Amino acid sequence: MACYGRIFATIFVVLNLKTFVEGEPQVPCYFIFGDSLLDNGNNNDLNTTAKANYPPYGVDFKDGRPTGRFTNGRNTADFLAEYLGFDHYIPPYASVKDSEILEGVNYASGSAGIRNDSGSHLGDRIYLGKQLENHQATISRIANLVGNTTSAKKHLNKCLFIVGIGSNDYINNYLMTEIYPSSHLYTPSQYATALIDQYSQHLRTLYEDGARKVALFGLGQIGCIPAELQKHDTRRCVSSTNNAIQLFNSKLKSLVDDLNTNFPDAKFTYINMYSISSIIDPLSVFNRPCCNVLETMPEGQCVPGETPCFLRGIYLFYDNFHPTEIANRIATNRAYNALLPSDAYPMDIHHLIRTNNVVYDE
């Protein structure tokens with residue numbers, strides 16, 4: 001099938017890239033907001049079933065130990081840190097030290113959403129609004145280090161911020177019609193509008209707190225993940241789910257235009273994860289999970305302690321929801337350095353970080 005050629009061509013290109021960049025990082029600091037696709041340990045000590053601090057998660061990460069990343073190895077936040085030239089991964093908010101915060105913090109939390117209630121049936125999570133509250137606490141800590149809040153925000157003006165959130169507002173909210181009321185209250189278009197309106201307010205807060213270079217990751221083809229295929233007993237992508245996701249993505253792309261118009265001293269860009277994830281073929285083995293998954297809560301995550309598939313380099317999904325390390329690497333490469341014009345709008349992250357810095361005025 002044509003999809004196989006595209007997958008292996010992309011894998012070949014990515015594996016032949018030099019991952020670490022020598023010299024100083026391309027930005028002095030890098031902050032991460034999002035859900036389990038970016039979480040690197042913030043959920044480990046929360047009262048939730050949405051955690052990945054047990055084998056076989058992390059089997060390919062450094063010494064093979066689980067860290068709280070929902071994959072076999074590195075996630076998108078990790079690969080982007082490498083592309084940016086950092087010699088370490090950005091630490092989770094749950095354990096970050098004052099000596100580390102000037103270079104960035106990862107606030108992402110598994111099962112978190114734009115809406116506060118998304119993922120609540122799984123237990124505690126750090127939803128986007130709370131992540132922003134945590135960031136404001138970090139700003140206070142930075143202010144103590146650099147002298148005052150004005151100096152802290154001048155420092156933040158130079159940082160890269162990425163936000164990847166919204167999947168759980170569908171997977172663990174709108175699409176769970178028996179638990180959450182949202183699908184009974186909103187049409188897909190109305191729901192996407194409500195999400196974007198709330199998201200917009202959060203992004204304005206992020207801007208007010210000093211962010212000037214912000215990459216917003218759109219949602220991937222949720223209708224093609226193993227969990228959706230099993231739920232609908234099909235081997236083909238669920239079109240109704242993907243149609244709903246495209247409504248959200250379209251509105252998010254328009255929001256980027258609005259933010260860039262309203263805040264000319266900042267640059268926001270949209271990463272088209274829907275287009276990037278189009279390499280996934282729902283009729284191939286790439287839409288089956290690499291690990292054996294639980295049939296009870298947390299349904300769809302890896303069975304603890306069981307050995308995952310051997311050929312992890314050719315699987316795109318590690319469990320029923322989360323991509324493998326190789327899929328994360330492919331996606332991050334295209335987010336950082338767009339392969340196609342549709343991958344990013346109006347620019348990829350490589351160009352975003354090269355936009356002129358704007359000094360914060362109090």
# chains A, B, ... in the order shown; residues from 1 in each chain; ligands from 1
>>> select_by_dssp(residues="range 58-304 of chain A", states="strand (DSSP E or B)", output="NGL selection string")
:A and (92 or 106 or 123 or 160-164 or 213-217 or 267-271 or 289 or 293 or 302)
>>> select_by_dssp(residues="range 117-162 of chain A", states="helix (DSSP H, G or I)", output="JSON, numbers by chain")
{"A": [120, 121, 122, 128, 129, 130, 131, 132, 133, 134, 135, 136, 137, 138, 139, 140, 141, 142, 143, 144, 145, 146, 149, 150, 151, 152, 153, 154, 155, 156]}
>>> closest_atom_pairs(of="range 262-331 of chain A", to="range 171-189 of chain A", cutoff="12 Å", atoms="only C-alpha atoms", output="CSV")
residue,atom,partner,partner_atom,distance
A:Pro298,CA,A:Asn172,CA,11.8
A:Glu299,CA,A:Asn172,CA,11.7
A:Gly300,CA,A:Ile171,CA,11.7
A:Asn320,CA,A:Ile171,CA,11.4
A:Phe321,CA,A:Ile171,CA,9.2
>>> write_last_selection(atoms="all heavy atoms", output="PDB file, in the first residue's frame")
ATOM      1  N   PRO A 298      -7.505   1.400  34.039  1.00  0.00           N
ATOM      2  CA  PRO A 298      -7.673   2.358  32.949  1.00  0.00           C
ATOM      3  C   PRO A 298      -7.692   1.667  31.586  1.00  0.00           C
ATOM      4  O   PRO A 298      -6.645   1.273  31.061  1.00  0.00           O
ATOM      5  CB  PRO A 298      -6.449   3.258  33.088  1.00  0.00           C
ATOM      6  CG  PRO A 298      -5.397   2.350  33.665  1.00  0.00           C
ATOM      7  CD  PRO A 298      -6.125   1.391  34.558  1.00  0.00           C
ATOM      8  N   GLU A 299      -8.867   1.471  31.085  1.00  0.00           N
ATOM      9  CA  GLU A 299      -9.067   0.736  29.842  1.00  0.00           C
ATOM     10  C   GLU A 299      -8.255   1.346  28.701  1.00  0.00           C
ATOM     11  O   GLU A 299      -8.240   2.559  28.495  1.00  0.00           O
ATOM     12  CB  GLU A 299     -10.547   0.758  29.476  1.00  0.00           C
ATOM     13  CG  GLU A 299     -10.916  -0.075  28.258  1.00  0.00           C
ATOM     14  CD  GLU A 299     -12.409  -0.062  27.987  1.00  0.00           C
ATOM     15  OE1 GLU A 299     -13.146   0.518  28.795  1.00  0.00           O
ATOM     16  OE2 GLU A 299     -12.819  -0.618  26.955  1.00  0.00           O
ATOM     17  N   GLY A 300      -7.558   0.469  27.959  1.00  0.00           N
ATOM     18  CA  GLY A 300      -6.802   0.915  26.801  1.00  0.00           C
ATOM     19  C   GLY A 300      -5.353   1.229  27.069  1.00  0.00           C
ATOM     20  O   GLY A 300      -4.575   1.417  26.134  1.00  0.00           O
ATOM     21  N   ASN A 320      -3.700   1.976  23.335  1.00  0.00           N
ATOM     22  CA  ASN A 320      -4.868   2.307  22.520  1.00  0.00           C
ATOM     23  C   ASN A 320      -5.027   3.794  22.229  1.00  0.00           C
ATOM     24  O   ASN A 320      -5.892   4.179  21.448  1.00  0.00           O
ATOM     25  CB  ASN A 320      -6.145   1.787  23.196  1.00  0.00           C
ATOM     26  CG  ASN A 320      -6.518   0.394  22.732  1.00  0.00           C
ATOM     27  OD1 ASN A 320      -5.781  -0.231  21.968  1.00  0.00           O
ATOM     28  ND2 ASN A 320      -7.655  -0.110  23.188  1.00  0.00           N
ATOM     29  N   PHE A 321      -4.192   4.622  22.855  1.00  0.00           N
ATOM     30  CA  PHE A 321      -4.342   6.068  22.715  1.00  0.00           C
ATOM     31  C   PHE A 321      -3.070   6.796  22.298  1.00  0.00           C
ATOM     32  O   PHE A 321      -3.150   7.836  21.642  1.00  0.00           O
ATOM     33  CB  PHE A 321      -4.806   6.681  24.054  1.00  0.00           C
ATOM     34  CG  PHE A 321      -6.071   6.102  24.601  1.00  0.00           C
ATOM     35  CD1 PHE A 321      -6.022   5.119  25.585  1.00  0.00           C
ATOM     36  CD2 PHE A 321      -7.307   6.524  24.148  1.00  0.00           C
ATOM     37  CE1 PHE A 321      -7.188   4.575  26.106  1.00  0.00           C
ATOM     38  CE2 PHE A 321      -8.477   5.991  24.663  1.00  0.00           C
ATOM     39  CZ  PHE A 321      -8.420   5.009  25.641  1.00  0.00           C
TER      40      PHE A 321
END
>>> residues_around(residues="range 74-81 of chain A", least_positions_apart="5", cutoff="9 Å", atoms="only C-alpha atoms", output="compact mmCIF listing (two decimals) with all heavy atoms, in the first residue's frame")
# COMPACT_ATOMS: atom_id res chain seq x y z
N THR A 19 20.06 14.28 15.85
CA THR A 19 19.05 14.72 16.79
C THR A 19 19.53 15.88 17.65
O THR A 19 18.90 16.92 17.74
CB THR A 19 18.61 13.55 17.69
OG1 THR A 19 18.15 12.49 16.85
CG2 THR A 19 17.48 13.97 18.60
N PHE A 20 20.67 15.72 18.34
CA PHE A 20 21.14 16.76 19.23
C PHE A 20 21.86 17.85 18.45
O PHE A 20 22.62 17.59 17.52
CB PHE A 20 22.08 16.17 20.29
CG PHE A 20 21.35 15.44 21.37
CD1 PHE A 20 21.26 14.05 21.35
CD2 PHE A 20 20.74 16.13 22.40
CE1 PHE A 20 20.59 13.37 22.34
CE2 PHE A 20 20.07 15.46 23.40
CZ PHE A 20 19.99 14.07 23.37
N PRO A 25 21.46 26.21 23.30
CA PRO A 25 20.09 25.99 22.81
C PRO A 25 19.62 27.17 21.95
O PRO A 25 20.08 28.31 22.13
CB PRO A 25 19.27 25.89 24.10
CG PRO A 25 20.25 25.47 25.14
CD PRO A 25 21.55 26.12 24.77
N TYR A 30 12.04 26.93 27.52
CA TYR A 30 11.04 26.16 26.77
C TYR A 30 10.01 25.63 27.76
O TYR A 30 10.36 24.89 28.68
CB TYR A 30 11.78 25.05 26.02
CG TYR A 30 11.02 23.90 25.47
CD1 TYR A 30 9.76 24.04 24.87
CD2 TYR A 30 11.59 22.61 25.50
CE1 TYR A 30 9.09 22.95 24.34
CE2 TYR A 30 10.94 21.52 24.96
CZ TYR A 30 9.69 21.69 24.38
OH TYR A 30 9.03 20.60 23.86
N ILE A 32 6.06 23.87 28.46
CA ILE A 32 5.18 22.87 27.84
C ILE A 32 3.87 22.77 28.62
O ILE A 32 3.87 22.58 29.84
CB ILE A 32 5.88 21.50 27.82
CG1 ILE A 32 7.20 21.57 27.05
CG2 ILE A 32 4.95 20.42 27.26
CD1 ILE A 32 8.29 20.71 27.63
N LEU A 37 0.03 13.27 25.91
CA LEU A 37 0.96 13.22 24.78
C LEU A 37 2.26 13.96 25.10
O LEU A 37 3.28 13.75 24.44
CB LEU A 37 0.31 13.81 23.54
CG LEU A 37 -0.92 13.06 23.02
CD1 LEU A 37 -1.54 13.80 21.84
CD2 LEU A 37 -0.56 11.63 22.63
N LEU A 38 2.23 14.82 26.13
CA LEU A 38 3.40 15.62 26.51
C LEU A 38 3.82 15.40 27.96
O LEU A 38 4.93 15.81 28.34
CB LEU A 38 3.11 17.11 26.28
CG LEU A 38 2.80 17.53 24.83
CD1 LEU A 38 2.31 18.97 24.79
CD2 LEU A 38 4.03 17.37 23.95
N ASP A 39 2.97 14.79 28.76
CA ASP A 39 3.25 14.57 30.18
C ASP A 39 4.52 13.75 30.36
O ASP A 39 4.73 12.74 29.69
CB ASP A 39 2.06 13.83 30.81
CG ASP A 39 2.13 13.71 32.32
OD1 ASP A 39 3.14 14.10 32.93
OD2 ASP A 39 1.15 13.19 32.90
N ASN A 40 5.38 14.18 31.28
CA ASN A 40 6.61 13.44 31.55
C ASN A 40 6.77 13.12 33.04
O ASN A 40 7.88 12.96 33.53
CB ASN A 40 7.83 14.18 31.03
CG ASN A 40 8.07 15.51 31.74
OD1 ASN A 40 7.19 16.03 32.42
ND2 ASN A 40 9.26 16.08 31.57
N GLY A 58 8.12 3.26 29.08
CA GLY A 58 9.50 3.65 29.32
C GLY A 58 10.53 2.59 28.99
O GLY A 58 11.71 2.78 29.28
N ASP A 60 12.04 1.87 26.39
CA ASP A 60 13.12 2.36 25.52
C ASP A 60 13.65 3.73 25.95
O ASP A 60 14.38 4.37 25.20
CB ASP A 60 12.62 2.44 24.07
CG ASP A 60 12.27 1.08 23.51
OD1 ASP A 60 13.08 0.15 23.68
OD2 ASP A 60 11.17 0.94 22.94
N PHE A 61 13.29 4.17 27.15
CA PHE A 61 13.75 5.48 27.62
C PHE A 61 14.99 5.31 28.49
O PHE A 61 14.94 4.70 29.56
CB PHE A 61 12.65 6.18 28.41
CG PHE A 61 12.98 7.60 28.77
CD1 PHE A 61 12.74 8.63 27.87
CD2 PHE A 61 13.54 7.91 30.00
CE1 PHE A 61 13.06 9.94 28.19
CE2 PHE A 61 13.86 9.22 30.33
CZ PHE A 61 13.61 10.24 29.43
N ARG A 69 5.96 8.96 31.22
CA ARG A 69 5.66 9.25 29.82
C ARG A 69 4.77 8.14 29.28
O ARG A 69 5.06 6.96 29.47
CB ARG A 69 6.94 9.35 29.00
CG ARG A 69 7.80 10.57 29.33
CD ARG A 69 9.20 10.43 28.76
NE ARG A 69 9.98 11.66 28.85
CZ ARG A 69 10.63 12.07 29.93
NH1 ARG A 69 10.60 11.32 31.03
NH2 ARG A 69 11.31 13.20 29.94
N PHE A 86 18.79 21.63 23.61
CA PHE A 86 18.98 21.40 25.04
C PHE A 86 19.70 20.07 25.24
O PHE A 86 19.49 19.11 24.50
CB PHE A 86 17.63 21.38 25.76
CG PHE A 86 16.98 22.73 25.88
CD1 PHE A 86 16.07 23.16 24.92
CD2 PHE A 86 17.28 23.57 26.93
CE1 PHE A 86 15.48 24.41 25.01
CE2 PHE A 86 16.70 24.82 27.04
CZ PHE A 86 15.79 25.25 26.09
N ASP A 87 20.56 20.03 26.25
CA ASP A 87 21.28 18.79 26.53
C ASP A 87 20.58 17.96 27.61
O ASP A 87 21.14 17.02 28.16
CB ASP A 87 22.73 19.08 26.94
CG ASP A 87 22.82 19.95 28.20
OD1 ASP A 87 21.77 20.26 28.80
OD2 ASP A 87 23.95 20.32 28.58
N HIS A 88 19.34 18.33 27.90
CA HIS A 88 18.54 17.61 28.89
C HIS A 88 17.07 17.81 28.53
O HIS A 88 16.73 18.68 27.71
CB HIS A 88 18.81 18.15 30.30
CG HIS A 88 18.46 19.61 30.44
ND1 HIS A 88 19.32 20.61 30.06
CD2 HIS A 88 17.32 20.23 30.87
CE1 HIS A 88 18.75 21.79 30.27
NE2 HIS A 88 17.54 21.59 30.76
N TYR A 89 16.21 17.01 29.14
CA TYR A 89 14.78 17.17 28.91
C TYR A 89 14.19 18.11 29.96
O TYR A 89 14.67 18.18 31.09
CB TYR A 89 14.09 15.81 28.95
CG TYR A 89 14.64 14.87 27.89
CD1 TYR A 89 15.17 13.63 28.24
CD2 TYR A 89 14.67 15.25 26.56
CE1 TYR A 89 15.71 12.78 27.28
CE2 TYR A 89 15.20 14.42 25.59
CZ TYR A 89 15.72 13.19 25.95
OH TYR A 89 16.26 12.37 25.00
N ILE A 90 13.16 18.83 29.57
CA ILE A 90 12.55 19.81 30.47
C ILE A 90 11.84 19.07 31.60
O ILE A 90 11.02 18.17 31.36
CB ILE A 90 11.56 20.69 29.69
CG1 ILE A 90 12.28 21.40 28.53
CG2 ILE A 90 10.90 21.71 30.63
CD1 ILE A 90 13.44 22.28 28.94
N ASN A 106 7.74 21.62 32.36
CA ASN A 106 6.69 20.86 31.68
C ASN A 106 5.50 20.74 32.64
O ASN A 106 5.61 20.13 33.70
CB ASN A 106 7.20 19.47 31.29
CG ASN A 106 6.21 18.69 30.45
OD1 ASN A 106 5.00 18.85 30.58
ND2 ASN A 106 6.71 17.81 29.59
N ILE A 162 4.90 25.71 24.04
CA ILE A 162 4.05 24.84 23.22
C ILE A 162 2.86 24.41 24.05
O ILE A 162 2.95 24.21 25.27
CB ILE A 162 4.80 23.61 22.67
CG1 ILE A 162 5.15 22.60 23.77
CG2 ILE A 162 6.05 24.03 21.90
CD1 ILE A 162 5.59 21.24 23.23
N PRO A 323 0.97 7.40 20.88
CA PRO A 323 1.92 6.96 19.87
C PRO A 323 3.20 6.39 20.47
O PRO A 323 3.54 6.65 21.63
CB PRO A 323 2.22 8.25 19.09
CG PRO A 323 1.87 9.35 20.01
CD PRO A 323 0.78 8.86 20.90
N THR A 324 3.89 5.62 19.66
CA THR A 324 5.20 5.09 20.03
C THR A 324 6.25 6.19 19.90
O THR A 324 5.99 7.26 19.35
CB THR A 324 5.60 3.93 19.12
OG1 THR A 324 5.52 4.38 17.75
CG2 THR A 324 4.71 2.72 19.31
N GLU A 325 7.44 5.88 20.37
CA GLU A 325 8.54 6.84 20.27
C GLU A 325 8.82 7.23 18.82
O GLU A 325 9.02 8.40 18.51
CB GLU A 325 9.80 6.26 20.90
CG GLU A 325 10.99 7.20 20.85
CD GLU A 325 12.24 6.61 21.50
OE1 GLU A 325 12.81 5.66 20.92
OE2 GLU A 325 12.64 7.10 22.57
N ILE A 326 8.81 6.26 17.89
CA ILE A 326 9.11 6.58 16.50
C ILE A 326 8.05 7.50 15.91
O ILE A 326 8.35 8.43 15.15
CB ILE A 326 9.28 5.31 15.64
CG1 ILE A 326 9.73 5.67 14.22
CG2 ILE A 326 8.02 4.48 15.61
CD1 ILE A 326 11.05 6.37 14.13
N ALA A 327 6.78 7.28 16.28
CA ALA A 327 5.72 8.16 15.79
C ALA A 327 5.88 9.56 16.37
O ALA A 327 5.66 10.56 15.66
CB ALA A 327 4.36 7.58 16.16
N ASN A 328 6.26 9.64 17.64
CA ASN A 328 6.52 10.95 18.24
C ASN A 328 7.65 11.66 17.53
O ASN A 328 7.61 12.88 17.30
CB ASN A 328 6.86 10.79 19.73
CG ASN A 328 5.65 10.47 20.58
OD1 ASN A 328 4.55 10.94 20.31
ND2 ASN A 328 5.85 9.66 21.61
N ARG A 329 8.67 10.91 17.17
CA ARG A 329 9.83 11.51 16.51
C ARG A 329 9.45 12.05 15.13
O ARG A 329 9.85 13.16 14.75
CB ARG A 329 10.95 10.49 16.39
CG ARG A 329 12.26 11.07 15.93
CD ARG A 329 13.39 10.07 16.07
NE ARG A 329 14.68 10.70 15.81
CZ ARG A 329 15.85 10.10 16.00
NH1 ARG A 329 15.87 8.86 16.45
NH2 ARG A 329 16.97 10.73 15.74
N ALA A 331 6.46 12.99 14.09
CA ALA A 331 5.56 14.14 14.24
C ALA A 331 6.33 15.38 14.67
O ALA A 331 6.11 16.48 14.15
CB ALA A 331 4.47 13.82 15.24
N THR A 332 7.25 15.22 15.62
CA THR A 332 8.01 16.37 16.11
C THR A 332 8.91 16.94 15.03
O THR A 332 9.06 18.17 14.91
CB THR A 332 8.86 15.98 17.33
OG1 THR A 332 8.04 15.29 18.28
CG2 THR A 332 9.44 17.22 18.00
N ASN A 333 9.50 16.07 14.24
CA ASN A 333 10.35 16.54 13.15
C ASN A 333 9.57 17.43 12.19
O ASN A 333 10.05 18.48 11.76
CB ASN A 333 10.96 15.36 12.41
CG ASN A 333 11.83 15.80 11.25
OD1 ASN A 333 12.78 16.54 11.42
ND2 ASN A 333 11.48 15.35 10.05
N ALA A 335 6.79 19.05 12.89
CA ALA A 335 6.37 20.27 13.59
C ALA A 335 7.51 21.28 13.63
O ALA A 335 7.31 22.49 13.47
CB ALA A 335 5.91 19.93 15.01
N TYR A 336 8.71 20.77 13.84
CA TYR A 336 9.89 21.65 13.93
C TYR A 336 10.32 22.14 12.55
O TYR A 336 10.64 23.32 12.37
CB TYR A 336 11.03 20.89 14.60
CG TYR A 336 12.32 21.68 14.68
CD1 TYR A 336 12.47 22.70 15.63
CD2 TYR A 336 13.38 21.41 13.82
CE1 TYR A 336 13.64 23.44 15.70
CE2 TYR A 336 14.56 22.15 13.89
CZ TYR A 336 14.68 23.15 14.83
OH TYR A 336 15.84 23.89 14.89
>>> closest_atom_pairs(of="range 205-282 of chain A", to="range 128-138 of chain A", cutoff="8 Å", atoms="only C-alpha atoms", output="CSV")
residue,atom,partner,partner_atom,distance
A:Thr205,CA,A:Leu132,CA,7.9
A:Leu206,CA,A:Leu132,CA,7.2
A:Asp209,CA,A:Gln136,CA,7.5
>>> residues_around(residues="Ile245 in chain A", least_positions_apart="6", cutoff="9 Å", atoms="only C-alpha atoms", output="tab-separated table (two decimals) with all heavy atoms, in the first residue's frame")
chain	number	residue	atom	x	y	z
A	167	SER	N	-7.46	16.77	23.14
A	167	SER	CA	-7.82	15.38	22.85
A	167	SER	C	-8.78	14.82	23.90
A	167	SER	O	-9.75	14.13	23.56
A	167	SER	CB	-6.56	14.51	22.78
A	167	SER	OG	-5.76	14.86	21.68
A	170	TYR	N	-12.46	15.45	23.86
A	170	TYR	CA	-13.23	14.55	23.00
A	170	TYR	C	-13.20	13.12	23.54
A	170	TYR	O	-14.24	12.56	23.89
A	170	TYR	CB	-12.69	14.61	21.56
A	170	TYR	CG	-13.07	15.90	20.88
A	170	TYR	CD1	-12.23	17.02	20.91
A	170	TYR	CD2	-14.29	16.03	20.22
A	170	TYR	CE1	-12.60	18.21	20.32
A	170	TYR	CE2	-14.67	17.22	19.62
A	170	TYR	CZ	-13.83	18.30	19.68
A	170	TYR	OH	-14.21	19.49	19.10
A	188	PRO	N	-21.59	19.09	17.35
A	188	PRO	CA	-20.12	19.12	17.20
A	188	PRO	C	-19.57	20.51	16.93
A	188	PRO	O	-18.53	20.89	17.48
A	188	PRO	CB	-19.88	18.17	16.02
A	188	PRO	CG	-21.00	17.19	16.12
A	188	PRO	CD	-22.18	18.00	16.56
A	192	ALA	N	-17.07	22.60	19.50
A	192	ALA	CA	-15.77	23.11	19.06
A	192	ALA	C	-15.67	24.61	19.35
A	192	ALA	O	-14.62	25.09	19.81
A	192	ALA	CB	-15.56	22.83	17.58
A	219	LEU	N	-5.28	18.82	16.97
A	219	LEU	CA	-5.60	17.43	17.32
A	219	LEU	C	-5.34	16.52	16.13
A	219	LEU	O	-5.58	16.87	14.98
A	219	LEU	CB	-7.05	17.31	17.75
A	219	LEU	CG	-7.48	18.22	18.91
A	219	LEU	CD1	-8.91	17.91	19.31
A	219	LEU	CD2	-6.54	18.10	20.09
A	220	GLY	N	-4.83	15.33	16.43
A	220	GLY	CA	-4.60	14.32	15.40
A	220	GLY	C	-5.89	13.62	15.01
A	220	GLY	O	-6.99	14.00	15.44
A	221	GLN	N	-5.77	12.60	14.22
A	221	GLN	CA	-6.95	11.87	13.72
A	221	GLN	C	-7.42	10.90	14.80
A	221	GLN	O	-7.17	9.69	14.74
A	221	GLN	CB	-6.60	11.15	12.42
A	221	GLN	CG	-6.23	12.10	11.30
A	221	GLN	CD	-6.08	11.39	9.97
A	221	GLN	OE1	-6.68	10.36	9.71
A	221	GLN	NE2	-5.27	11.96	9.09
A	222	ILE	N	-8.16	11.43	15.76
A	222	ILE	CA	-8.64	10.63	16.88
A	222	ILE	C	-9.56	9.51	16.39
A	222	ILE	O	-9.63	8.44	17.01
A	222	ILE	CB	-9.34	11.54	17.91
A	222	ILE	CG1	-8.29	12.44	18.58
A	222	ILE	CG2	-10.09	10.73	18.96
A	222	ILE	CD1	-8.85	13.45	19.56
A	223	GLY	N	-10.22	9.73	15.28
A	223	GLY	CA	-11.08	8.69	14.73
A	223	GLY	C	-10.32	7.47	14.23
A	223	GLY	O	-10.94	6.45	13.87
A	274	TYR	N	-3.31	16.87	12.53
A	274	TYR	CA	-4.25	16.06	11.74
A	274	TYR	C	-3.60	15.66	10.42
A	274	TYR	O	-3.65	14.50	10.00
A	274	TYR	CB	-5.54	16.83	11.49
A	274	TYR	CG	-6.67	15.98	10.96
A	274	TYR	CD1	-7.62	15.45	11.83
A	274	TYR	CD2	-6.80	15.70	9.60
A	274	TYR	CE1	-8.66	14.67	11.37
A	274	TYR	CE2	-7.83	14.91	9.13
A	274	TYR	CZ	-8.75	14.40	10.01
A	274	TYR	OH	-9.78	13.60	9.54
>>> atom_distance(atom1="CA of Ile126 in chain A", atom2="CA of Gly41 in chain A")
11.8 Å
